[in-house]
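One structure is given here, and the rest of the page talks about it.
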Number of protein chains: 6
Amino acid sequence: MPVVVQTIERADAAVIDGLAHAGVATVHEAQGRIGLLAHHMRPIYSGARIAGSAVTISAPPGDNWMVHVAIEQLKEGDILVLAPTSPCVDGYFGDLLATSAMARGCRGLVIDAGVRDVRDLTQMGFPVWSKAVFAQGTVKATLGSVNVPVVCAGAAIEPGDVIVADDDGVCVVKRADAAAVLKKAQEREAAEEGKRKRLAAGELGLDIYDMRGKLEQMGLKYV
Amino acid sequence: MPVVVQTIERADAAVIDGLAHAGVATVHEAQGRIGLLAHHMRPIYSGARIAGSAVTISAPPGDNWMVHVAIEQLKEGDILVLAPTSPCVDGYFGDLLATSAMARGCRGLVIDAGVRDVRDLTQMGFPVWSKAVFAQGTVKATLGSVNVPVVCAGAAIEPGDVIVADDDGVCVVKRADAAAVLKKAQEREAAEEGKRKRLAAGELGLDIYDMRGKLEQMGLKYV
Amino acid sequence: MPVVVQTIERADAAVIDGLAHAGVATVHEAQGRIGLLAHHMRPIYSGARIAGSAVTISAPPGDNWMVHVAIEQLKEGDILVLAPTSPCVDGYFGDLLATSAMARGCRGLVIDAGVRDVRDLTQMGFPVWSKAVFAQGTVKATLGSVNVPVVCAGAAIEPGDVIVADDDGVCVVKRADAAAVLKKAQEREAAEEGKRKRLAAGELGLDIYDMRGKLEQMGLKYV
Amino acid sequence: MPVVVQTIERADAAVIDGLAHAGVATVHEAQGRIGLLAHHMRPIYSGARIAGSAVTISAPPGDNWMVHVAIEQLKEGDILVLAPTSPCVDGYFGDLLATSAMARGCRGLVIDAGVRDVRDLTQMGFPVWSKAVFAQGTVKATLGSVNVPVVCAGAAIEPGDVIVADDDGVCVVKRADAAAVLKKAQEREAAEEGKRKRLAAGELGLDIYDMRGKLEQMGLKYV
Amino acid sequence: MPVVVQTIERADAAVIDGLAHAGVATVHEAQGRIGLLAHHMRPIYSGARIAGSAVTISAPPGDNWMVHVAIEQLKEGDILVLAPTSPCVDGYFGDLLATSAMARGCRGLVIDAGVRDVRDLTQMGFPVWSKAVFAQGTVKATLGSVNVPVVCAGAAIEPGDVIVADDDGVCVVKRADAAAVLKKAQEREAAEEGKRKRLAAGELGLDIYDMRGKLEQMGLKYV
Amino acid sequence: MPVVVQTIERADAAVIDGLAHAGVATVHEAQGRIGLLAHHMRPIYSGARIAGSAVTISAPPGDNWMVHVAIEQLKEGDILVLAPTSPCVDGYFGDLLATSAMARGCRGLVIDAGVRDVRDLTQMGFPVWSKAVFAQGTVKATLGSVNVPVVCAGAAIEPGDVIVADDDGVCVVKRADAAAVLKKAQEREAAEEGKRKRLAAGELGLDIYDMRGKLEQMGLKYV
């Protein structure tokens, strides 16, 4: 059953970069409020804002062997996505693996477990979104799989799906939907720009979005 | 039952600013060790230190409609305080709402739920203390109330109460007690200044606070 | 039963400093993947990297009296380690106690509870690893002990053991093992240096660590 | 500031018993979906279903002195409600205190902390809703208050408010609202009885509540 | 986007019943240690042991409208599976909905949120595995979907997949794999029977599974 | 480093049985309020009340190999105590291992991780105190140790220490202290018996323990 899928399809590079620019909140809204990973997935440092194609890892608790296997499958612009097969906070990944992943063009790691060497990773500019920072070492004793569908932090992710990650967390976009989602995200951004100006000028959302009638009709009382 | 209270009383502006300067820990001590919100309320960025009058929001889970309603009720120097009616980590609030709130003079948000666009909020200098950072979008379908008493993160808050927030968390001061609490806070600060110097010089708290006799009497053994 | 042990043995100062330099992850690995405190122990600010001899405190929930007692026992280079006798997040420690501890040469605090005045502590450069940031004040009513064995955040710690703490968390090294652990840590660092270069050059861990045969033998399939 | 309020008003006994019979879920709905304590408040055994007047206790963490003080204030039909001043799971209450409370006519305990001797309490038929079962002993060193307003498990409770508790958790009803809430609860129960029969006969909620048109209008697609 | 899929395929009834008999732990092992829902999914009462076809619900937080919609889609032997679109512990389901679901032949509910009326549900013999017991009421204001793929408590579930649930928790079996998994589960049960007798007679797993050589070879020392 | 210690000392059997009879809360108090395991350690069924000598297991996350090794070391009256080397909720133990352990005279299992087959274990009368019920299977790939000192659920436990467990949780008594602790526990029970009668007769703890003067002196006000 342990398997490494060597060929995966990826979304268009320009689309991926567009999604990174749009950011997690906008992309999540643009695709109908789906795709977020759980809010316990936090960045190890602020300010990173990336998107890339998911190279997925299904790994046993406390065993990071498959990370080595997955790194060989990385292409420029990919993001490693690790889902342990049961809850775990061990530090599967540190500066040596980051060095190796960066050498393969990897843009970051999304891991529903722990990470370590966060000072080094920060200095290297290798962003990680994780459930925990924990130095606990792992073994290399049991197989897992690479580039299989996983559920990571509550989100179903297929290899090649687009991962978008920033200070708000992590979102997955189905590979086939990436271009359409980007289009909607850009439309949303454009629409928001006008609203932002009106709001900054002191206009109220109640008026911009024409909410007063509906609120009254539903029974909201002003006293 | 959903209601918007349009007129609330606020504490004196100078008192509010004094409480901000004193900070959460000192204010909490000055009023008898009460008023703290739960420790899961963390700032989205370090260094903010504010106080203001609470404009409270009671909102259903996953529904931010009442935030728009509340923003109209804001006056210069207010702080939005949102308590969901059941536990929720959705992102009720982002950069557009912050833009609108800032335009009304709002100093920040305290929310026992999630917030998003934290990178933008940080750049705008709009501080938020929240239970979570989460991009999950919300709907506008069910009413709540504005400026009613709420329990937010374990603390009972009335509209117009003074909210103090800094890197240590969030504290509420009853409006009617604000001036008295400020006075005690300032006395405490003055008293601490002298102690700080003596401690910095190497004197021990055991001696400054005259604890040795009591410790011995209670049975503490030195071996 | 409440007792203060006044004489404890400490590890060699150069060894301690060497362990600080090696850092938590390396030290933890060097001693056989043991000694980590739970991952909920997080630094109040990034970048601190210390090691020192543990002066331990066993304190009742919500009572920081023993911290004053412990400070008298501090020697240059020590680290305070506080374990509450039952789970607690109260703020046992703030800027006044930090002032006092620094005056005695203390390098930091490791506390499986809360801390407050974190803005001041950050400005003072006094690092703390804690379970929570919480302004909740504490009383001085019930005795505890100083320099007795404790379990802090899941790790058994004896007074005089070496505490190593950085952005990855906290690790304890048995005093008697400190020199040997440092040696292994340094060997590990040296060995890693070579691997880091090879990985940075694009070589794969699969090849450097000669894993391909074992993976195949265990049944990993490439498709 | 520590105070014992000796005279509190209580709701009508028949109303209280009626609320017990209606149960937590119905009472919560009848009063507009408010008043629930957090879902971490679980009964130590199944099947208890009580209501009574709240005698409230605000107690320091790990200190059960005020429970003794509160027991003197109990009248037949009361329920003890303990809120620690900071998060705590210690076992404030066991079989001796239950013996004493039962002798005073107390119907049960609601405690946002720990309880112990649960086997004995079960055999005695003294129900407890708590955050934890934990044998950790407490001290009698610091004062608190009895019959003051508290926030317990997220709900604001005044002394004399009606506490309703069963296998679904705990709900508080404002004393002044108790009779009106009971009336609505009974109406709700009556209305549900007819619906229960129709649903048991296979009729659908979609039809009984006439939802199909609204669902279609909002855009629900059947495929 | 909100959609109700009216036609789903189901596994063979005899296979489903066989899986119920095998139980969660055996089925999970038989299919290669996959398919478990998170361990926070606990039964509201002990002793239930069911399997059935998943009728899935994707519902907004605090909104149980789609449960009514889903009940119409139930066939004899189905199990309702509800995944909220963001974390929620509200009580989406109680005795009226259970009455309706039972009338349609539903065997139980698996919900990554809250449930209420648990005393009634227990008396009715309607089993529920949930994240919480919580009386908090929900609204009917926002659409969701029925019979779409969901991630529930960390497991990806398609409508028609087989849900197995007992005191150990909940497991999902892909519909297409159900027969093969049952076969392996039965083989496993048969194999375990012989081992159980040998173990009961005092033979050691070390000998039955021939582990001693491997342990020695890996370096286990007996002292 | 992985080691199996084959010879451990045990406390006197009559003392052990006496401690079981006294129960967790009393034993914990009798030895000075120490020795409790964390409150997340809950029994899989109510009513079990045991004591025995600890046979300890230090096991990697998700790997139950050492349980087989430990079972060989069991003697009549022992209790297995398993501490994972990092946080884990996997089901290390089920009915086959329980069958084997019972055949060796084992009285129960204390595990800071998961357990499965709880229905079978309940029927067999094999009690378990665990952090979780979870069917997740484990591997046999990495060594650990048996009969070494461990920290289990926050308590330091040496092999041969006495474990006491009942519905209140789990407590450890140092082997060398067992007889003295039993004596104090029995004295405590005797003393409590008289108090229980007085309390049942309506006397108040305030009077029995002579608390009124101290409360007044500390400033408690009755209003």
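Labeling convention for the structure tokens: chains A, B, ... as they appear, residues from 1 per chain, ligands from 1 in order of appearance.
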
- [ ] Report as a PyMOL selection string the set of chain E residues whose atoms approach chain D to within 10 Å, with distances computed over only C-alpha atoms.
- [x] chain E and resi 1-7+44-45+65-72+89-91+94-105+114-120+132-138+140-146

Can you write just those residues out, N, CA and C atoms, as a short mmCIF file (atom, residue, chain, number, x, y, z; two decimals), in the first residue's frame?
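In the end it all went to part-v3.cif:
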```
data_model
loop_
_atom_site.label_atom_id
_atom_site.label_comp_id
_atom_site.auth_asym_id
_atom_site.auth_seq_id
_atom_site.Cartn_x
_atom_site.Cartn_y
_atom_site.Cartn_z
N MET E 1 -24.41 26.85 -5.49
CA MET E 1 -23.55 25.77 -5.00
C MET E 1 -24.25 24.81 -4.00
N PRO E 2 -25.21 25.34 -3.18
CA PRO E 2 -25.90 24.40 -2.28
C PRO E 2 -26.70 23.40 -3.08
N VAL E 3 -26.53 22.15 -2.78
CA VAL E 3 -27.10 21.11 -3.62
C VAL E 3 -27.52 19.91 -2.78
N VAL E 4 -28.58 19.26 -3.25
CA VAL E 4 -29.00 18.00 -2.63
C VAL E 4 -28.91 16.90 -3.68
N VAL E 5 -28.02 15.97 -3.45
CA VAL E 5 -27.90 14.85 -4.38
C VAL E 5 -28.88 13.77 -3.93
N GLN E 6 -29.82 13.45 -4.82
CA GLN E 6 -30.92 12.59 -4.39
C GLN E 6 -30.65 11.10 -4.60
N THR E 7 -29.72 10.82 -5.48
CA THR E 7 -29.45 9.41 -5.76
C THR E 7 -28.01 9.07 -5.40
N ILE E 44 -22.85 8.93 22.71
CA ILE E 44 -23.59 9.53 23.84
C ILE E 44 -23.99 8.47 24.87
N TYR E 45 -24.00 7.20 24.45
CA TYR E 45 -24.19 6.12 25.44
C TYR E 45 -23.38 4.91 24.99
N TRP E 65 -30.63 23.63 9.33
CA TRP E 65 -31.67 23.54 8.31
C TRP E 65 -31.47 22.30 7.41
N MET E 66 -30.24 22.06 7.06
CA MET E 66 -29.96 20.97 6.12
C MET E 66 -30.24 19.59 6.71
N VAL E 67 -30.35 19.51 8.05
CA VAL E 67 -30.70 18.21 8.63
C VAL E 67 -32.11 17.81 8.20
N HIS E 68 -33.00 18.78 8.20
CA HIS E 68 -34.36 18.50 7.72
C HIS E 68 -34.34 18.05 6.26
N VAL E 69 -33.53 18.73 5.48
CA VAL E 69 -33.43 18.36 4.06
C VAL E 69 -32.86 16.94 3.91
N ALA E 70 -31.87 16.64 4.72
CA ALA E 70 -31.21 15.33 4.60
C ALA E 70 -32.13 14.19 5.01
N ILE E 71 -32.99 14.44 5.97
CA ILE E 71 -33.85 13.34 6.45
C ILE E 71 -34.72 12.79 5.33
N GLU E 72 -35.13 13.68 4.43
CA GLU E 72 -35.94 13.19 3.30
C GLU E 72 -35.16 12.22 2.41
N VAL E 89 -19.83 23.60 18.18
CA VAL E 89 -20.30 22.59 19.13
C VAL E 89 -21.80 22.72 19.41
N ASP E 90 -22.50 23.53 18.64
CA ASP E 90 -23.93 23.72 18.89
C ASP E 90 -24.70 22.40 18.74
N GLY E 91 -25.86 22.36 19.38
CA GLY E 91 -26.69 21.17 19.37
C GLY E 91 -27.60 21.14 18.15
N GLY E 94 -31.71 16.90 18.06
CA GLY E 94 -32.28 16.46 19.33
C GLY E 94 -33.37 15.42 19.09
N ASP E 95 -34.26 15.30 20.05
CA ASP E 95 -35.19 14.17 20.01
C ASP E 95 -36.20 14.25 18.88
N LEU E 96 -36.60 15.47 18.47
CA LEU E 96 -37.57 15.55 17.38
C LEU E 96 -36.95 15.09 16.06
N LEU E 97 -35.77 15.56 15.79
CA LEU E 97 -35.10 15.13 14.56
C LEU E 97 -34.80 13.63 14.61
N ALA E 98 -34.46 13.13 15.78
CA ALA E 98 -34.21 11.69 15.90
C ALA E 98 -35.48 10.90 15.63
N THR E 99 -36.60 11.42 16.12
CA THR E 99 -37.88 10.76 15.86
C THR E 99 -38.13 10.68 14.36
N SER E 100 -37.87 11.79 13.70
CA SER E 100 -38.08 11.84 12.25
C SER E 100 -37.11 10.91 11.52
N ALA E 101 -35.86 10.94 11.93
CA ALA E 101 -34.86 10.10 11.26
C ALA E 101 -35.16 8.62 11.48
N MET E 102 -35.55 8.26 12.70
CA MET E 102 -35.87 6.85 12.97
C MET E 102 -37.06 6.39 12.15
N ALA E 103 -38.00 7.30 11.97
CA ALA E 103 -39.17 6.93 11.16
C ALA E 103 -38.78 6.63 9.72
N ARG E 104 -37.65 7.16 9.29
CA ARG E 104 -37.14 6.90 7.93
C ARG E 104 -36.15 5.75 7.91
N GLY E 105 -35.94 5.09 9.03
CA GLY E 105 -35.06 3.93 9.04
C GLY E 105 -33.61 4.25 9.36
N GLY E 114 -22.26 19.43 18.10
CA GLY E 114 -22.96 19.03 19.31
C GLY E 114 -24.30 18.36 19.06
N VAL E 115 -24.80 17.73 20.10
CA VAL E 115 -26.10 17.08 20.07
C VAL E 115 -26.77 17.37 21.40
N ARG E 116 -28.12 17.33 21.44
CA ARG E 116 -28.82 17.57 22.71
C ARG E 116 -29.97 16.58 22.87
N ASP E 117 -30.65 16.70 23.99
CA ASP E 117 -31.70 15.73 24.34
C ASP E 117 -31.10 14.33 24.47
N VAL E 118 -29.92 14.22 25.01
CA VAL E 118 -29.24 12.92 25.00
C VAL E 118 -29.94 11.90 25.90
N ARG E 119 -30.64 12.36 26.90
CA ARG E 119 -31.40 11.42 27.73
C ARG E 119 -32.52 10.78 26.89
N ASP E 120 -33.21 11.61 26.13
CA ASP E 120 -34.28 11.08 25.27
C ASP E 120 -33.69 10.17 24.19
N ALA E 132 -19.49 16.92 20.98
CA ALA E 132 -19.93 17.56 22.21
C ALA E 132 -21.39 17.24 22.48
N VAL E 133 -21.75 17.31 23.75
CA VAL E 133 -23.16 17.36 24.13
C VAL E 133 -23.41 18.80 24.55
N PHE E 134 -24.33 19.47 23.86
CA PHE E 134 -24.52 20.89 24.12
C PHE E 134 -25.94 21.25 23.68
N ALA E 135 -26.67 21.92 24.57
CA ALA E 135 -28.07 22.22 24.28
C ALA E 135 -28.25 23.43 23.35
N GLN E 136 -27.19 24.09 23.02
CA GLN E 136 -27.29 25.33 22.22
C GLN E 136 -28.12 25.14 20.96
N GLY E 137 -29.18 25.92 20.84
CA GLY E 137 -30.05 25.84 19.68
C GLY E 137 -29.43 26.43 18.43
N THR E 138 -29.99 26.04 17.29
CA THR E 138 -29.46 26.48 16.00
C THR E 138 -30.56 27.15 15.19
N LYS E 140 -32.23 28.31 11.18
CA LYS E 140 -32.50 27.76 9.85
C LYS E 140 -32.48 28.93 8.90
N ALA E 141 -31.28 29.39 8.54
CA ALA E 141 -31.16 30.64 7.79
C ALA E 141 -30.26 30.53 6.56
N THR E 142 -29.35 29.58 6.56
CA THR E 142 -28.35 29.53 5.50
C THR E 142 -28.29 28.12 4.93
N LEU E 143 -28.17 28.05 3.61
CA LEU E 143 -28.15 26.73 2.97
C LEU E 143 -26.83 26.01 3.15
N GLY E 144 -26.88 24.73 3.01
CA GLY E 144 -25.70 23.87 2.92
C GLY E 144 -25.99 22.85 1.85
N SER E 145 -25.34 21.70 1.95
CA SER E 145 -25.55 20.67 0.94
C SER E 145 -25.76 19.30 1.58
N VAL E 146 -26.41 18.44 0.80
CA VAL E 146 -26.67 17.07 1.26
C VAL E 146 -26.12 16.09 0.22
#
```

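Neighbours of Ile111 (chain E) closer than or equal to 7 Å, with only C-alpha atoms counted and sequence neighbours fewer than 5 positions away skipped, come out as E:Val81, E:Leu82, E:Ala83, E:Trp129, E:Ser130, E:Lys131.
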
Same residues, C-alpha atoms, saved as a PDB file, in the first residue's frame:
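Contents of part_9.pdb, freshly written:
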```
ATOM      1  CA  VAL E  81     -23.077  12.285   8.843  1.00  0.00           C
ATOM      2  CA  LEU E  82     -22.875  15.998   9.569  1.00  0.00           C
ATOM      3  CA  ALA E  83     -19.750  18.092   9.043  1.00  0.00           C
ATOM      4  CA  TRP E 129     -21.294   9.935  17.999  1.00  0.00           C
ATOM      5  CA  SER E 130     -20.482  13.605  18.496  1.00  0.00           C
ATOM      6  CA  LYS E 131     -17.827  16.120  19.416  1.00  0.00           C
TER       7      LYS E 131
END
```

TODO: Between C:Val110, C:Ala165, C:Ala178, C:Ala153, single out the one closest to Thr85 (chain C), counting only C-alpha atoms.
DONE: C:Ala153

Task: Non-local contacts of region 179-182 of chain D (9 Å; only C-alpha atoms; under 3 positions in same chain excluded) as a ChimeraX atom specification - done: /D:11-12,15-16,18-19,22,27-28,30-31,173,175-176,185-187

For the selection you just gave me, I'd like the residues written to a file as a CSV table (one decimal), in the first residue's frame, keeping all heavy atoms.
```csv
chain,number,residue,atom,x,y,z
D,11,ALA,N,-36.7,32.2,43.5
D,11,ALA,CA,-37.9,32.1,42.6
D,11,ALA,C,-38.9,31.1,43.4
D,11,ALA,O,-38.5,30.5,44.3
D,11,ALA,CB,-37.5,31.5,41.3
D,12,ASP,N,-40.1,31.1,42.9
D,12,ASP,CA,-41.1,30.3,43.4
D,12,ASP,C,-40.8,28.8,43.3
D,12,ASP,O,-40.3,28.4,42.2
D,12,ASP,CB,-42.4,30.6,42.7
D,12,ASP,CG,-43.6,29.7,43.2
D,12,ASP,OD1,-44.1,30.0,44.3
D,12,ASP,OD2,-43.9,28.7,42.5
D,15,VAL,N,-42.3,26.9,40.4
D,15,VAL,CA,-41.7,27.3,39.1
D,15,VAL,C,-40.4,26.6,38.9
D,15,VAL,O,-40.1,26.1,37.8
D,15,VAL,CB,-41.5,28.9,39.0
D,15,VAL,CG1,-40.7,29.2,37.9
D,15,VAL,CG2,-42.9,29.5,39.0
D,16,ILE,N,-39.6,26.6,40.0
D,16,ILE,CA,-38.3,25.9,39.9
D,16,ILE,C,-38.5,24.4,39.5
D,16,ILE,O,-37.8,23.9,38.6
D,16,ILE,CB,-37.5,26.1,41.2
D,16,ILE,CG1,-37.1,27.5,41.4
D,16,ILE,CG2,-36.3,25.1,41.2
D,16,ILE,CD1,-36.6,27.8,42.8
D,18,GLY,N,-40.9,23.1,38.0
D,18,GLY,CA,-41.4,23.0,36.6
D,18,GLY,C,-40.3,23.2,35.6
D,18,GLY,O,-40.2,22.5,34.6
D,19,LEU,N,-39.3,24.0,35.9
D,19,LEU,CA,-38.2,24.2,35.0
D,19,LEU,C,-37.3,22.9,35.0
D,19,LEU,O,-36.8,22.5,34.0
D,19,LEU,CB,-37.4,25.4,35.4
D,19,LEU,CG,-38.1,26.8,35.2
D,19,LEU,CD1,-37.3,27.9,35.9
D,19,LEU,CD2,-38.2,27.1,33.7
D,22,ALA,N,-39.0,20.6,32.7
D,22,ALA,CA,-38.8,20.9,31.3
D,22,ALA,C,-37.4,20.6,30.7
D,22,ALA,O,-37.3,20.2,29.6
D,22,ALA,CB,-39.1,22.4,31.1
D,27,VAL,N,-35.8,24.7,28.2
D,27,VAL,CA,-35.7,26.0,28.9
D,27,VAL,C,-34.8,27.0,28.2
D,27,VAL,O,-35.1,28.2,28.0
D,27,VAL,CB,-35.1,25.8,30.4
D,27,VAL,CG1,-34.7,27.1,31.0
D,27,VAL,CG2,-36.2,25.1,31.2
D,28,HIS,N,-33.7,26.5,27.7
D,28,HIS,CA,-32.8,27.4,26.9
D,28,HIS,C,-33.5,28.0,25.7
D,28,HIS,O,-33.4,29.1,25.3
D,28,HIS,CB,-31.6,26.5,26.5
D,28,HIS,CG,-30.8,27.0,25.3
D,28,HIS,ND1,-30.0,28.1,25.3
D,28,HIS,CD2,-30.8,26.5,24.0
D,28,HIS,CE1,-29.5,28.2,24.1
D,28,HIS,NE2,-29.9,27.3,23.3
D,30,ALA,N,-36.8,28.2,25.3
D,30,ALA,CA,-37.9,29.0,25.7
D,30,ALA,C,-37.5,30.4,26.1
D,30,ALA,O,-38.3,31.4,26.0
D,30,ALA,CB,-38.6,28.3,26.9
D,31,GLN,N,-36.3,30.6,26.6
D,31,GLN,CA,-35.9,32.0,26.9
D,31,GLN,C,-35.1,32.7,25.9
D,31,GLN,O,-34.4,33.6,26.1
D,31,GLN,CB,-35.2,32.0,28.3
D,31,GLN,CG,-33.9,31.3,28.3
D,31,GLN,CD,-33.2,31.4,29.7
D,31,GLN,OE1,-33.6,32.2,30.6
D,31,GLN,NE2,-32.2,30.6,30.0
D,173,VAL,N,-31.5,30.6,34.5
D,173,VAL,CA,-32.7,31.5,34.2
D,173,VAL,C,-32.7,32.6,35.2
D,173,VAL,O,-32.6,32.4,36.4
D,173,VAL,CB,-34.0,30.7,34.3
D,173,VAL,CG1,-35.2,31.5,34.0
D,173,VAL,CG2,-33.9,29.4,33.4
D,175,ARG,N,-33.8,35.0,37.8
D,175,ARG,CA,-34.9,34.8,38.8
D,175,ARG,C,-36.2,35.5,38.4
D,175,ARG,O,-37.3,34.9,38.4
D,175,ARG,CB,-34.5,35.3,40.2
D,175,ARG,CG,-35.4,35.0,41.3
D,175,ARG,CD,-34.9,35.6,42.6
D,175,ARG,NE,-34.6,37.0,42.5
D,175,ARG,CZ,-35.5,38.0,42.6
D,175,ARG,NH1,-36.8,37.7,42.7
D,175,ARG,NH2,-35.2,39.2,42.4
D,176,ALA,N,-36.1,36.7,37.9
D,176,ALA,CA,-37.3,37.5,37.6
D,176,ALA,C,-38.0,36.9,36.4
D,176,ALA,O,-39.2,37.2,36.2
D,176,ALA,CB,-36.9,39.0,37.4
D,185,ALA,N,-41.8,27.5,28.2
D,185,ALA,CA,-41.2,26.1,28.1
D,185,ALA,C,-42.4,25.1,28.0
D,185,ALA,O,-42.3,24.2,27.2
D,185,ALA,CB,-40.3,25.8,29.3
D,186,GLN,N,-43.4,25.3,28.8
D,186,GLN,CA,-44.5,24.4,28.7
D,186,GLN,C,-45.3,24.5,27.4
D,186,GLN,O,-45.7,23.5,26.9
D,186,GLN,CB,-45.4,24.7,29.9
D,186,GLN,CG,-44.8,24.2,31.2
D,186,GLN,CD,-45.5,24.7,32.5
D,186,GLN,OE1,-46.2,25.7,32.5
D,186,GLN,NE2,-45.3,23.9,33.6
D,187,GLU,N,-45.4,25.7,26.9
D,187,GLU,CA,-46.0,25.9,25.6
D,187,GLU,C,-45.2,25.1,24.5
D,187,GLU,O,-45.8,24.5,23.6
D,187,GLU,CB,-46.2,27.3,25.2
D,187,GLU,CG,-47.2,28.1,26.1
D,187,GLU,CD,-47.1,29.6,26.0
D,187,GLU,OE1,-46.2,30.1,25.2
D,187,GLU,OE2,-47.8,30.3,26.7
```

- [ ] Can you list, as an NGL selection string, all residues belonging to region 25-219 of chain D that DSSP tags as strand (DSSP E)?
- [x] :D and (42-43 or 50-59 or 78-84 or 108-115 or 128-133 or 145-146 or 150-152 or 155-157 or 162-166 or 169-173)

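Taking CA of Asn64 (chain A) and CA of Gly154 (chain E) as endpoints, the distance between them is 20.6 Å.
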
Task: Close residues, Gly52 (chain A) itself excluded, 9 Å, only C-alpha atoms, min 3 positions apart in chain, as an MDAnalysis selection string - done: chainID A and resid 10:11 13 16:17 20 76:80 106:108 160:164

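Distance-wise, CA of Pro61 (chain C) and CA of Pro84 (chain C) end up 5.7 Å apart.
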